[in-house]
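A short worksheet on the structure shown next.
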Amino acid sequence: MENSDSELYDNLVFEALVAVIEMVTEDKFRQFVPVLEVYINENYSATLAYNKLLVVFKDYVEAATGHRDSVPLSSVEQRRKSEKLGQAMNSLQFLFKFVVKSRLLFSNLNGGKGAEPFEAMLREVLLALVKLMFASQQELLGVQASCLKHLVLAVPDLVSVFPRRQLAEILMKMITSLPMGQLTEIKLSTLQAVVKCELFQHPDCRQVILPVLSTRIDGVLSRPGAILATAATTALGDCLDCLFNKEVFNTTGEDVSTLVMVLLRTVIQGVANRDKNDRNAPAVVTNMVSLFRLMSPQHFGQYIQHFRPEEEAGRQNLLDFVMEVLLMFKDLIQHSLYPSDWAEMTMLVNSVILTALRHLSHTIRDYFSVNFEHDAWNNFFSCSISFLTQPSLQLETFSQMKRAKVLARYGDMRKQMGLEIKAMWFNLGQHKIKFIPGMVGNFLEMTLIPDIDLRNATIPIFFDMMQCEFYSGGRGGLAGSRTSLASLDGVGERSNKGNFREFETEMISQLDGMVMEGGRGDGMYKDKFSSILSNQCEQHMALKETGTKFVQTVTRLMELLLEYRSIKQEESRDNQMSCIVNLLDFYSEHGREEMFARHLKKLYDLHIECENWAEAGFTLEKQANMLRWTDEPLNPRLRHARYPDCTVHRDLKVALYREMISHLASGQMWEHALEQCRALATQYEEELVDYYSMAELRMKEAEFYENIMTRLRPEPEYFRVAFYGRSFPAFLQNKVFVYRGRGFERLPDFQSRLLDQFPTAELMTSLSPPSVVETESPGQLIQINKVEPIMQVPRRLGGKVVHQQILNYYKVNEVSQFMYSRPFKRQSEHPTQSETANEFASLWIERTILRTSNQLPGILRWFPVVQSQVVEMSPLENAIETMQNTYRELKTLVQEHLSNSPTALKPLSMKLNGIIDAAVMGGTAMYEKAFFSEEFRLAHPEEREKLVVLENLLAEQIPLLEVGIRIHDQKKSEDLKPLHDRLQVMFIQMKEHVEHKYGARSLGTEFRVRVGGEGRRSVGGRVGSSVG
């Protein structure tokens, strides 16, 4: 080829060279590629070959594309030339190696001569390749693809003999010359290869490459679901990686601007629309992070200005962009693509988001304050607080080493974001009212983060909210009043709302959810909240009273919520119930219906778990009382998960009543169930006119009445429980409660059950009041004793003769007063002979009467004691009470035997023996000696009326004993005959003695015989008691 006259052989030699190169570069012979490179670099010596090679190669290109001035070729010839050109393109890298080596050899030999003609010739060849790219024939597609692929591989050689900027321009022109939609994947792979080649290291070349690269990537990524999205994402990632290596690539601001202007919004939209299951999603997010990291404040400003925000259309476009970014950031924060243990990557993303949000905050303040855009501000606050509260930034949960590393590299990003939020809030000015109460929950979530500095900085926002609502223009203010705090001096008092009720309501509602369910907040937050806001309220004339009251209310709520959250971690259901009831009392007091209903449902669920059927029924009653017997639609907060089909008040109330009646019946509270039945019957009969349900209800009522009169019910005992010591939960510390026992549970069983709940507690053995040391001690002391309920008979039964079986219910139910007694002896200053000789005369009683906050049973099996009264009973009063109790107990036994109910005879035998035998052995005689002596009457003239009462009690006991003896005679067995005979003899003596001294008495009307009455109601007399 060095012979200039051998044109005949030029093509043949060129084809032979191509064939050799193509053979060496085949996969099975690729091990010989280094041999070929060594040959070119060290052994090749043809100094004139470059000219011939370029000429022949150019002819090949022009012949295949039809740009030569020759006779048009047939299709067969055209296909043959295309195939030859394709083979040449596959060898293009090494062909250019031969050309460049030849040119360098010639230049070295001739002192650099011929450089310009060579460059011109090479430029013509490269421009011929550009023309090749314009071709759209199907047979040339492979040639074009091979050309792009192998030409980039030849760049390292070409830049040594051709200007790199021009080479970059030609390469980009080749890519842009390809028709739209043709070889798109090859274009991307070529651009990716260009990024990795030497040209990309030079800023002047990047000025040419980056516009084409960013445009092509944007063309792919801007189409949703594009097949080549992965390739485009990878190409962009490679480009960004290079630009980050500033020392090698000398990255300029212009480089970043080119990418940002074209690709930023496309990349942001790609992140926002990413598919969570797409494997390419992490790479998309990483590219966005890298792009933001490359941007300087100037780039942010430049990008914002390109929207032309001073124009209305541009400002709207900017608003759309801001909203896209904020929503995308919030979604990215809440649904991170990276595994939880990728802490470094997560922190890097967070630092980028923080920087971007700072820039966006300035944009919002600059362009959306005068022309106020509520959504932009609202989304900024929402996104910022999501950022600040995300788990990956909660340094308190990190190990000490990890926390120190994060702080050293990034600082506490929560504080930085918190200060930005605070600045944004105080820049709202007159528009603050538009974010109350909507933003209260978000700001509360921010302040609950356990960082002292952040809390100090952000809690004052709440006081500003209180002021803002207080001074807002009433109803109009909440609809968007523009009255700012700065202009309040000119506003009359009449235009002020004068309260911050909406803020308060939202604060209480949000606190309940965040502290209780979200596990946020602690005692330190409660104290800090109270301290900061109390100080601010104290210094404000208008809010001094109402503000301080609000702070106290919220502080109390936090105490209750923190108590409950702490107790929930324990297994004690009883303590959980106590905490819930404390919260119910709070919400009831402050009229928070929604939270009241929510916690009632929790209490109900706990009762069902513990099978406290009666208490579950009473809890449902409170829920039902929140509803009305109307067909009003239900407020969403009153809807019930168990009754999703109940959409009006009446339907849900009927359903709750039916369930309540069922639970009360299971708890053997038939009397209370009947009350609910009567209310439900009114609805069935008068409003719903549902006689089927009415018939079913009446049958239940009949069953309940039958149960009351015939079934034996346990009479639960009641116990006073006092908790002393500071180790108990706050709601128990140094407080006294009355507990309702379970069924037949007695004192030892109850003590054991209660001590199981408090395994470290010590049981006090005396009823003496605790000392200050005991109440303030760090231990746990429990004082337990049995108390007697004080029966409260309903007014409707007053003055009527009532069956004892009916009265038995009121002995231990619907009670709120209880008592227990402690005997002691007291000697008077001048004791009489009877007081010295007779223990009855000096036996005093100390009686403690307790009143609970609610009736038992109720929504709990225990209630706190709210009132305690201690009275002392003299020996005579004690004797009167003892006689009254004895008479009442005997009367009950007699009535039971007169009824048809199966009753054992043994209790009556014991009671008769105790009264009659005691009288013979000294019972009545001891009372007479103690109180009826002349000495006692003279010493205590003020007791004359009480002595008459005692005399009457002794006399009234005789006819009742006589009925008891008669019943005992009728029912006695042979074994009891000796006892009965002895009792009869003693009774005759007792009767003669008492009637002789105090006169004869007769029984009351309740023992009159019913002639023709039902057998079960009368055996020998009327069964019942006269209720006075």
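Every chain in the structure tokens takes a letter, A first, then B, and so on in the order presented; its residues are numbered from 1, and the ligands are numbered from 1 following the presented order.
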Find the residues near Ser531 in chain A: any atom within 12 Å, counting only C-alpha atoms, skip ones fewer than 2 places away on the same chain, and give them as a count of residues only. 20
Residues near range 963-980 of chain A, cut-off 10 Å, only C-alpha atoms, skip fewer than 2 positions along chain, as an NGL selection string: :A and (890-891 or 893-895 or 897-898 or 904-906 or 908-909 or 911-913 or 958-961 or 982-987 or 1003 or 1007 or 1020-1021)
- Excluding range 233-246 of chain A and any residue of its chain fewer than 5 positions from it, enumerate the residues within 10 Å of it, using only C-alpha atoms, and give them as a count of residues only. 38
Excluding same-chain residues fewer than 3 positions from range 673-684 of chain A, what lies within 12 Å of it counting only C-alpha atoms, as an MDAnalysis selection string? chainID A and resid 613:614 617:618 620:621 624:625 628:630 650:651 653:670 687:708
| For Leu127 in chain A: contacts at 10 Å, only C-alpha atoms, fewer than 2 positions along chain excluded, given as a list of chain:residue names |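 Near neighbours after the sequence-gap exclusion: A:Lys58, A:Met121, A:Leu122, A:Arg123, A:Glu124, A:Val125, A:Leu129, A:Val130, A:Lys131, A:Leu132, A:Met133, A:Ile170, A:Leu171, A:Lys173, A:Met174.
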- Task: Excluding Leu393 in chain A and any residue of its chain fewer than 5 positions from it, enumerate the residues within 9 Å of it, using only C-alpha atoms, and give them as a ChimeraX atom specification.
- Result: /A:347,350,387-388,412-414
Could you write those residues out with C-alpha atoms, as a short mmCIF file (atom, residue, chain, number, x, y, z; two decimals), in the first residue's frame?
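Saved result, again-v4.cif, follows:
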```
data_model
loop_
_atom_site.label_atom_id
_atom_site.label_comp_id
_atom_site.auth_asym_id
_atom_site.auth_seq_id
_atom_site.Cartn_x
_atom_site.Cartn_y
_atom_site.Cartn_z
CA MET A 347 -28.02 9.51 56.56
CA ASN A 350 -31.39 12.72 54.83
CA PHE A 387 -38.34 14.18 58.08
CA LEU A 388 -37.68 15.24 61.65
CA ASP A 412 -28.29 16.44 64.74
CA MET A 413 -30.38 17.06 61.65
CA ARG A 414 -33.55 17.13 63.76
#
```
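If you measure from each of A:His362, A:Gln804, A:Tyr604, A:Val865 to Phe719 in chain A using only C-alpha atoms, the closest one turns out to be A:Val865.
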- Query: So how many Å separate CA of Thr355 in chain A and CA of Asp341 in chain A, to one decimal?
  - Reply: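 Value for the CA of Thr355 in chain A-CA of Asp341 in chain A distance: 23.1 Å.
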- Message: So that I can check the secondary structure, give me every residue of range 319-511 of chain A assigned helix (DSSP H, G or I) by backbone DSSP, as a ChimeraX atom specification.
- Response: /A:319-334,343-367,374-389,391-393,395-397,400-410,413-426,429-435,440-447,452-458,460-470,474-478,485-490,493-495,501-511
